[in-house]
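Student: The structure under discussion is supplied below as structure tokens; questions concerning it will follow.
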Amino acid sequence: MVRIEILNQGGFRSDGRRQFELRDMTIDLSQQGQADGSAVVTHGLTHVLVSVFGPREAKMRSQTIHDRANINVEVGVAAFSTGDRRKRARGDKRILELAATIKSTFEPVVQTNLYPRSQIDIFVQVLQQDGGLLQACINATTLALVNAGIPLLDFVCAVTGGVHSTSPLLDLTLLEENDVPNVTVAVMPKTGKATLVTMETRLHVDRFEEIFRLAADAGKVIHGEMKSAVRSRTSELVTVMGSGPRASGGDLVDKDGDDRMNGY
Amino acid sequence: MRPPSPSIPEKDFLYTSLKESLRLDGRLPMELRTPTLTFGDDLGWVECSLGKTRVLAQVEGKMVKPPPERPYEGIITIHPEISPMASSEYEPGRPSDEEVTITRMLDKVLKRSDAVDKESLCILAGQRVWHIRLTLHFLAVAGNMLDCACLAGIVALKHFRRPDVEVIGDEVTVHEPTERAPIPLAIHHTPFCFTFAFFPDSTIPPVLDPSQLEQRLSAGLISIALNAQRELCVLQKLGGVPLEPDEVLKIVAIAVQKAKELNSIVDARLREDWEGRHVEVR
């Protein structure tokens with residue numbers, strides 16, 4: 001049995017990337033069905049689709065909160081998402097945990113106080129898994145919420161990191177995740193603070209510090225990608241709707257004279 | 001049945017006291033409630049209490065046929081039983097979000113961290129292995145069920161002794177505890193879990209081992225499981241108040257120190273109990 005090297009002498013990983021190189025990230029913000037907002041995010045071979053409905057009237061009166069919106073997250077993992085076809089029950093503990101994690105990550109970020117007694121539904125569909133599942137789900141959820149026009153305090157950008165003997169790695173594939181202690185970190189780029197940190201494997205405290213700081217920095221790179229995707233989608237829509245500036249390169253002008261949000 | 005939210009005077013009182021680093025039960029912000037470990041007559045029966053939070057852990061072992069994909073390893077299963085006995089907010093049947101979190105955390109801390117050596121549980125490869133079953137009963141909840149449960153679990157695993165087994169060829173003989181002294185489980189390392197609570201106001205410092213009220217009024221919890229050898233097993237911060245990386249690392253450093261203290265307390269208690277037992281070997 002061939003043992004695949006996580007990091008070879010030349011500094012290359014098993015998929016040809018360097019140590020700190022992130023996987024190819026594609027973002028598709030086109031509309032999916034009747035959803036208010038949706039996003040398909042891929043990190044390398046990990047594909048996740050998130051649809052957001054809301055804020056809308058709550059389906060179950062018992063779940064409404066009098067002064068905030070209720071966030072409901074449901075995760076479905078497709079049977080064909082992994083190497084071997086395995087049907088996962090809806091009540092599977094790992095999937096419930098993933099949903100609970102996403103919910104508690106976004107509860108303080110979504111401005112729920114603006115929509116009392118309503119419900120925001122987030123449906124996550126995992127289409128293909130190759131490591132970094134939580135990372136992809138969080139990034140896709142952020143984009144779907146932004147696409148739905150739900151007010152957020154900031155983006156939430158997630159990235160995975162790991163340590164192979166003493167070398168830190170970023171954005172791990174499934175192979176690397178199974179082999180190497182890894183941590184998933186989600187940061188809010190405006191302040192650089194971390195909202196989500198999960199680690200399930202044993203790692204020495206000193207190694208942890210290194211990889212934690214690195215992953216927090218990498219979150220900012222993901223933020224850049226997300227912002228440019230949102231911007232290009234918005235300018236596309238605006239041009240198609242015919243309400244944008246006809247002249248090219250005119251979007252830095254302050255149109256409404258209040259000196260705010262210039263350049264957005 | 002969801003318990004009523006804390007009243008506004010309770011909330012205000014808690015926040016103002018915490019701003020001055022005063023906790024309602026008189027502890028320091030980074031002080032853990034002293035764990036009390038009570039051992040039962042059976043080996044592997046431990047009741048752990050952190051203040052008023054009580055968890056009962058029981059370990060039993062039996063021999064089973066291993067699954068075909070893992071013929072050389074034993075099986076360890078963890079069964080947390082959260083019933084309305086612990087608190088009226090837990091309904092039997094449907095696991096609430098908190099229960100799912102606790103079950104998964106226990107799984108990660110005690111099973112995924114490889115605390116117990118599974119290969120040593122193999123008796124006859126492919127045919128007979130030990131199935132160690134850890135059951136945790138939550139008796140009373142007064143904040144921080146998770147830490148109490150993890151402590152009870154790991155101490156029960158350390159306390160448990162399995163019967164000695166002799167394998168001659170293909171024959172397996174199990175010796176009674178009265179014939180041959182039972183053997184402890186092979187434990188690689190002892191993980192301890194520490195939960196810190198954060199509050200919405202950033203001027204309030206985090207507190208270790210939150211009480212029931214502190215947990216209800218917290219804006220975020222961070223749970224760190226690590227052993228006395230400075231290895232982090234699980235670190236979980238699920239949303240809540242966003243923290244600077246430096247703050248997280250400061251919390252980790254505090255947890256490292258507490259782990260060492262707790263480790264010595266647990267070792268001393270286990271030794272004390274073991275000396276008190278009269279194990280006769282005829």
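Identifiers in the structure tokens: chain A, B, ... in order shown; residue index from 1 per chain; ligand index from 1 in order shown.
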From a DSSP pass on the backbone, collect the residues of range 64-257 of chain B flagged as helix (DSSP H, G or I) and hand them back as a VMD selection string.

Tutor: chain B and resid 97 to 112 119 to 121 145 to 159 212 to 216 245 to 257

Student: Using only C-alpha atoms, select each residue of chain A with any atom at most 6 Å away from an atom of chain B, and give the selection as a list of chain:residue names.

Tutor: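 Residues passing the distance filter: A:Thr101, A:Ser104, A:Thr105, A:Lys193, A:Ala194, A:Thr195, A:Leu196, A:Val197, A:Thr198, A:Met199, A:Glu200, A:Thr201, A:Arg202, A:Leu203, A:His204, A:Val205.
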
Student: For those residues, write all heavy atoms to a file as a CSV table (one decimal), in the first residue's frame.

Tutor:
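After the write, result_20.csv holds the following:
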```
chain,number,residue,atom,x,y,z
A,101,THR,N,-23.7,24.0,15.1
A,101,THR,CA,-22.5,24.8,15.1
A,101,THR,C,-22.8,26.0,14.2
A,101,THR,O,-22.5,27.2,14.5
A,101,THR,CB,-21.3,24.1,14.5
A,101,THR,OG1,-21.2,22.9,15.2
A,101,THR,CG2,-20.1,24.9,14.5
A,104,SER,N,-25.2,28.5,16.0
A,104,SER,CA,-24.6,29.3,17.0
A,104,SER,C,-23.5,30.2,16.5
A,104,SER,O,-23.2,31.2,17.1
A,104,SER,CB,-24.1,28.4,18.2
A,104,SER,OG,-23.2,27.5,17.7
A,105,THR,N,-23.0,29.9,15.3
A,105,THR,CA,-22.0,30.8,14.8
A,105,THR,C,-22.7,32.1,14.2
A,105,THR,O,-22.2,33.2,14.4
A,105,THR,CB,-21.2,30.2,13.6
A,105,THR,OG1,-20.7,29.0,14.0
A,105,THR,CG2,-20.1,31.1,13.1
A,193,LYS,N,-11.5,39.3,14.9
A,193,LYS,CA,-11.8,38.4,16.0
A,193,LYS,C,-12.3,37.1,15.5
A,193,LYS,O,-13.0,37.0,14.5
A,193,LYS,CB,-12.9,39.1,16.9
A,193,LYS,CG,-12.4,40.3,17.6
A,193,LYS,CD,-13.3,40.7,18.7
A,193,LYS,CE,-12.8,42.0,19.4
A,193,LYS,NZ,-13.6,42.4,20.5
A,194,ALA,N,-12.1,36.1,16.3
A,194,ALA,CA,-12.5,34.7,15.9
A,194,ALA,C,-13.9,34.4,16.6
A,194,ALA,O,-14.0,34.6,17.8
A,194,ALA,CB,-11.5,33.7,16.4
A,195,THR,N,-14.8,34.0,15.8
A,195,THR,CA,-16.1,33.6,16.3
A,195,THR,C,-16.2,32.1,16.5
A,195,THR,O,-16.9,31.6,17.4
A,195,THR,CB,-17.3,34.0,15.4
A,195,THR,OG1,-17.1,33.3,14.2
A,195,THR,CG2,-17.4,35.4,15.2
A,196,LEU,N,-15.6,31.3,15.7
A,196,LEU,CA,-15.7,29.9,15.8
A,196,LEU,C,-14.3,29.3,15.8
A,196,LEU,O,-13.5,29.6,15.0
A,196,LEU,CB,-16.5,29.3,14.6
A,196,LEU,CG,-16.4,27.8,14.5
A,196,LEU,CD1,-17.6,27.2,15.3
A,196,LEU,CD2,-16.5,27.4,13.1
A,197,VAL,N,-14.1,28.4,16.8
A,197,VAL,CA,-12.8,27.7,16.8
A,197,VAL,C,-13.1,26.3,17.2
A,197,VAL,O,-13.7,26.1,18.3
A,197,VAL,CB,-11.8,28.3,17.9
A,197,VAL,CG1,-10.5,27.6,17.8
A,197,VAL,CG2,-11.6,29.7,17.7
A,198,THR,N,-12.9,25.3,16.4
A,198,THR,CA,-13.1,23.9,16.8
A,198,THR,C,-12.0,23.1,16.4
A,198,THR,O,-11.4,23.2,15.4
A,198,THR,CB,-14.4,23.2,16.1
A,198,THR,OG1,-14.1,23.2,14.7
A,198,THR,CG2,-15.7,23.9,16.4
A,199,MET,N,-11.6,22.2,17.4
A,199,MET,CA,-10.5,21.3,17.1
A,199,MET,C,-10.8,20.0,17.8
A,199,MET,O,-11.3,20.0,18.9
A,199,MET,CB,-9.2,21.8,17.7
A,199,MET,CG,-8.0,20.9,17.3
A,199,MET,SD,-6.5,21.6,17.9
A,199,MET,CE,-6.6,21.2,19.6
A,200,GLU,N,-10.7,18.9,17.0
A,200,GLU,CA,-11.1,17.6,17.6
A,200,GLU,C,-10.0,16.7,17.7
A,200,GLU,O,-10.2,15.5,18.1
A,200,GLU,CB,-12.2,17.0,16.7
A,200,GLU,CG,-13.4,17.8,16.5
A,200,GLU,CD,-14.4,17.1,15.5
A,200,GLU,OE1,-14.1,16.0,15.2
A,200,GLU,OE2,-15.3,17.8,15.1
A,201,THR,N,-8.8,17.1,17.4
A,201,THR,CA,-7.7,16.1,17.4
A,201,THR,C,-6.6,16.6,18.4
A,201,THR,O,-6.6,17.8,18.7
A,201,THR,CB,-7.1,16.0,16.0
A,201,THR,OG1,-7.0,17.3,15.4
A,201,THR,CG2,-7.9,15.2,15.1
A,202,ARG,N,-5.8,15.7,18.8
A,202,ARG,CA,-4.8,16.1,19.8
A,202,ARG,C,-3.7,16.9,19.2
A,202,ARG,O,-3.1,16.6,18.2
A,202,ARG,CB,-4.2,14.9,20.5
A,202,ARG,CG,-4.7,14.7,21.9
A,202,ARG,CD,-3.8,13.7,22.6
A,202,ARG,NE,-3.8,12.4,22.0
A,202,ARG,CZ,-3.0,11.4,22.4
A,202,ARG,NH1,-2.2,11.6,23.4
A,202,ARG,NH2,-3.0,10.2,21.8
A,203,LEU,N,-3.4,18.1,19.9
A,203,LEU,CA,-2.3,18.9,19.4
A,203,LEU,C,-1.7,19.6,20.5
A,203,LEU,O,-2.3,20.0,21.5
A,203,LEU,CB,-2.9,20.0,18.4
A,203,LEU,CG,-2.0,20.9,17.7
A,203,LEU,CD1,-1.0,20.2,16.9
A,203,LEU,CD2,-2.8,21.9,16.9
A,204,HIS,N,-0.3,19.7,20.5
A,204,HIS,CA,0.4,20.4,21.6
A,204,HIS,C,0.0,21.9,21.6
A,204,HIS,O,-0.2,22.5,20.6
A,204,HIS,CB,1.9,20.2,21.5
A,204,HIS,CG,2.6,20.5,22.7
A,204,HIS,ND1,3.1,21.7,23.0
A,204,HIS,CD2,2.9,19.7,23.8
A,204,HIS,CE1,3.7,21.7,24.2
A,204,HIS,NE2,3.6,20.5,24.7
A,205,VAL,N,0.0,22.4,22.8
A,205,VAL,CA,-0.4,23.8,23.0
A,205,VAL,C,0.4,24.8,22.2
A,205,VAL,O,-0.1,25.7,21.6
A,205,VAL,CB,-0.4,24.2,24.5
A,205,VAL,CG1,-0.6,25.7,24.7
A,205,VAL,CG2,-1.4,23.4,25.3
```

Student: Please return, as a ChimeraX atom specification, all residues of range 115-231 of chain B that DSSP assigns to strand (DSSP E or B) on the basis of the backbone.

Tutor: /B:116,122-124,128-140,161-162,165-168,171-174,183-184,187,192-198,207-208,220-226,231

Student: Please provide the set of residues having any atom within 8 Å of Leu262 in chain B, restricted to only C-alpha atoms, with same-chain residues fewer than 4 positions apart removed, written as an mmCIF file with N, CA and C atoms, in the first residue's frame.

Tutor:
```cif
data_model
loop_
_atom_site.group_PDB
_atom_site.id
_atom_site.type_symbol
_atom_site.label_atom_id
_atom_site.label_comp_id
_atom_site.auth_asym_id
_atom_site.auth_seq_id
_atom_site.Cartn_x
_atom_site.Cartn_y
_atom_site.Cartn_z
ATOM 1 N N PHE B 192 -8.978 16.374 30.574
ATOM 2 C CA PHE B 192 -9.922 17.091 31.438
ATOM 3 C C PHE B 192 -10.538 18.201 30.624
ATOM 4 N N LYS B 258 -4.774 24.703 35.060
ATOM 5 C CA LYS B 258 -5.824 24.018 35.826
ATOM 6 C C LYS B 258 -5.771 22.521 35.614
ATOM 7 N N VAL B 266 -7.096 14.351 41.137
ATOM 8 C CA VAL B 266 -7.717 13.083 40.738
ATOM 9 C C VAL B 266 -6.817 11.909 41.118
#
```

Student: Taking into account only C-alpha atoms, which residue in the set A:Ser51, A:Thr26, A:Ser38, A:Gln119 is nearest to Ile71 in chain A?

Tutor: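 Smallest distance to Ile71 in chain A is found for A:Gln119.
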
Student: Hey, what's within 8 Å of range 131-137 of chain A if we count only C-alpha atoms and toss same-chain stuff fewer than 5 positions away? As a PyMOL selection string, please?

Tutor: chain A and resi 41-43+46-50+98+102+124+157-160+171-177+184-186

Student: Any chance you can output those residues with N, CA, C and O atoms as an mmCIF file, in the first residue's frame?

Tutor:
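Everything below was put into part14.cif:
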```cif
data_model
loop_
_atom_site.group_PDB
_atom_site.id
_atom_site.type_symbol
_atom_site.label_atom_id
_atom_site.label_comp_id
_atom_site.auth_asym_id
_atom_site.auth_seq_id
_atom_site.Cartn_x
_atom_site.Cartn_y
_atom_site.Cartn_z
ATOM 1 N N VAL A 41 -20.643 27.284 -2.973
ATOM 2 C CA VAL A 41 -19.230 27.563 -2.730
ATOM 3 C C VAL A 41 -18.440 26.279 -2.886
ATOM 4 O O VAL A 41 -18.845 25.236 -2.390
ATOM 5 N N THR A 42 -17.319 26.377 -3.603
ATOM 6 C CA THR A 42 -16.466 25.198 -3.681
ATOM 7 C C THR A 42 -15.074 25.582 -3.189
ATOM 8 O O THR A 42 -14.541 26.643 -3.519
ATOM 9 N N HIS A 43 -14.516 24.718 -2.364
ATOM 10 C CA HIS A 43 -13.125 24.849 -1.933
ATOM 11 C C HIS A 43 -12.446 23.628 -2.494
ATOM 12 O O HIS A 43 -12.552 22.546 -1.930
ATOM 13 N N THR A 46 -14.577 20.326 -2.512
ATOM 14 C CA THR A 46 -15.696 20.336 -1.568
ATOM 15 C C THR A 46 -16.732 21.316 -2.090
ATOM 16 O O THR A 46 -16.446 22.497 -2.235
ATOM 17 N N HIS A 47 -17.941 20.809 -2.404
ATOM 18 C CA HIS A 47 -19.023 21.667 -2.912
ATOM 19 C C HIS A 47 -20.142 21.725 -1.908
ATOM 20 O O HIS A 47 -20.635 20.692 -1.465
ATOM 21 N N VAL A 48 -20.578 22.949 -1.588
ATOM 22 C CA VAL A 48 -21.691 23.094 -0.648
ATOM 23 C C VAL A 48 -22.658 24.117 -1.209
ATOM 24 O O VAL A 48 -22.251 25.148 -1.732
ATOM 25 N N LEU A 49 -23.961 23.822 -1.114
ATOM 26 C CA LEU A 49 -24.989 24.754 -1.579
ATOM 27 C C LEU A 49 -25.809 25.184 -0.375
ATOM 28 O O LEU A 49 -26.245 24.348 0.405
ATOM 29 N N VAL A 50 -25.988 26.484 -0.220
ATOM 30 C CA VAL A 50 -26.788 26.968 0.915
ATOM 31 C C VAL A 50 -27.899 27.844 0.381
ATOM 32 O O VAL A 50 -27.665 28.733 -0.429
ATOM 33 N N LEU A 98 -23.295 19.699 13.221
ATOM 34 C CA LEU A 98 -22.909 20.674 12.198
ATOM 35 C C LEU A 98 -23.941 21.784 12.132
ATOM 36 O O LEU A 98 -23.600 22.969 12.104
ATOM 37 N N ILE A 102 -23.403 25.782 13.008
ATOM 38 C CA ILE A 102 -23.678 26.884 12.086
ATOM 39 C C ILE A 102 -24.652 27.857 12.737
ATOM 40 O O ILE A 102 -24.465 29.079 12.677
ATOM 41 N N VAL A 124 -28.674 23.893 4.261
ATOM 42 C CA VAL A 124 -27.338 23.575 3.758
ATOM 43 C C VAL A 124 -27.372 22.216 3.095
ATOM 44 O O VAL A 124 -27.861 21.252 3.672
ATOM 45 N N CYS A 157 -15.679 34.425 7.851
ATOM 46 C CA CYS A 157 -14.846 33.688 6.898
ATOM 47 C C CYS A 157 -14.121 32.570 7.628
ATOM 48 O O CYS A 157 -13.456 32.824 8.627
ATOM 49 N N ALA A 158 -14.272 31.359 7.121
ATOM 50 C CA ALA A 158 -13.707 30.202 7.816
ATOM 51 C C ALA A 158 -12.613 29.551 7.000
ATOM 52 O O ALA A 158 -12.649 29.543 5.772
ATOM 53 N N VAL A 159 -11.651 28.974 7.721
ATOM 54 C CA VAL A 159 -10.563 28.265 7.045
ATOM 55 C C VAL A 159 -10.074 27.162 7.978
ATOM 56 O O VAL A 159 -10.192 27.278 9.202
ATOM 57 N N THR A 160 -9.556 26.069 7.406
ATOM 58 C CA THR A 160 -9.019 25.009 8.259
ATOM 59 C C THR A 160 -7.507 25.091 8.233
ATOM 60 O O THR A 160 -6.908 25.532 7.257
ATOM 61 N N ASP A 171 -5.971 24.962 4.797
ATOM 62 C CA ASP A 171 -6.991 24.449 3.894
ATOM 63 C C ASP A 171 -6.734 22.979 3.545
ATOM 64 O O ASP A 171 -6.248 22.635 2.469
ATOM 65 N N LEU A 172 -7.105 22.120 4.475
ATOM 66 C CA LEU A 172 -6.781 20.705 4.336
ATOM 67 C C LEU A 172 -7.800 19.928 3.519
ATOM 68 O O LEU A 172 -8.992 20.184 3.593
ATOM 69 N N THR A 173 -7.300 18.983 2.751
ATOM 70 C CA THR A 173 -8.184 18.057 2.029
ATOM 71 C C THR A 173 -8.526 16.904 2.964
ATOM 72 O O THR A 173 -7.992 16.813 4.063
ATOM 73 N N LEU A 174 -9.381 16.009 2.499
ATOM 74 C CA LEU A 174 -9.853 14.910 3.342
ATOM 75 C C LEU A 174 -8.706 14.027 3.796
ATOM 76 O O LEU A 174 -8.616 13.601 4.943
ATOM 77 N N LEU A 175 -7.806 13.770 2.862
ATOM 78 C CA LEU A 175 -6.643 12.940 3.159
ATOM 79 C C LEU A 175 -5.828 13.538 4.295
ATOM 80 O O LEU A 175 -5.429 12.852 5.246
ATOM 81 N N GLU A 176 -5.583 14.838 4.197
ATOM 82 C CA GLU A 176 -4.788 15.521 5.210
ATOM 83 C C GLU A 176 -5.554 15.613 6.518
ATOM 84 O O GLU A 176 -4.986 15.449 7.590
ATOM 85 N N GLU A 177 -6.862 15.817 6.438
ATOM 86 C CA GLU A 177 -7.669 15.952 7.655
ATOM 87 C C GLU A 177 -7.649 14.680 8.492
ATOM 88 O O GLU A 177 -7.658 14.725 9.712
ATOM 89 N N THR A 184 -10.523 24.256 12.780
ATOM 90 C CA THR A 184 -11.288 25.128 11.879
ATOM 91 C C THR A 184 -11.509 26.440 12.616
ATOM 92 O O THR A 184 -11.989 26.452 13.742
ATOM 93 N N VAL A 185 -11.154 27.554 11.948
ATOM 94 C CA VAL A 185 -11.295 28.859 12.579
ATOM 95 C C VAL A 185 -12.153 29.745 11.689
ATOM 96 O O VAL A 185 -11.943 29.789 10.479
ATOM 97 N N ALA A 186 -13.144 30.430 12.276
ATOM 98 C CA ALA A 186 -13.932 31.387 11.507
ATOM 99 C C ALA A 186 -13.718 32.762 12.124
ATOM 100 O O ALA A 186 -13.870 32.923 13.336
#
```

Student: Env of Glu210 in chain A: 10 Å cut, atoms = only C-alpha atoms, seq-sep filter 6 positions within chain, self excluded. Answer as a PyMOL selection string.

Tutor: chain A and resi 161-163+166-168
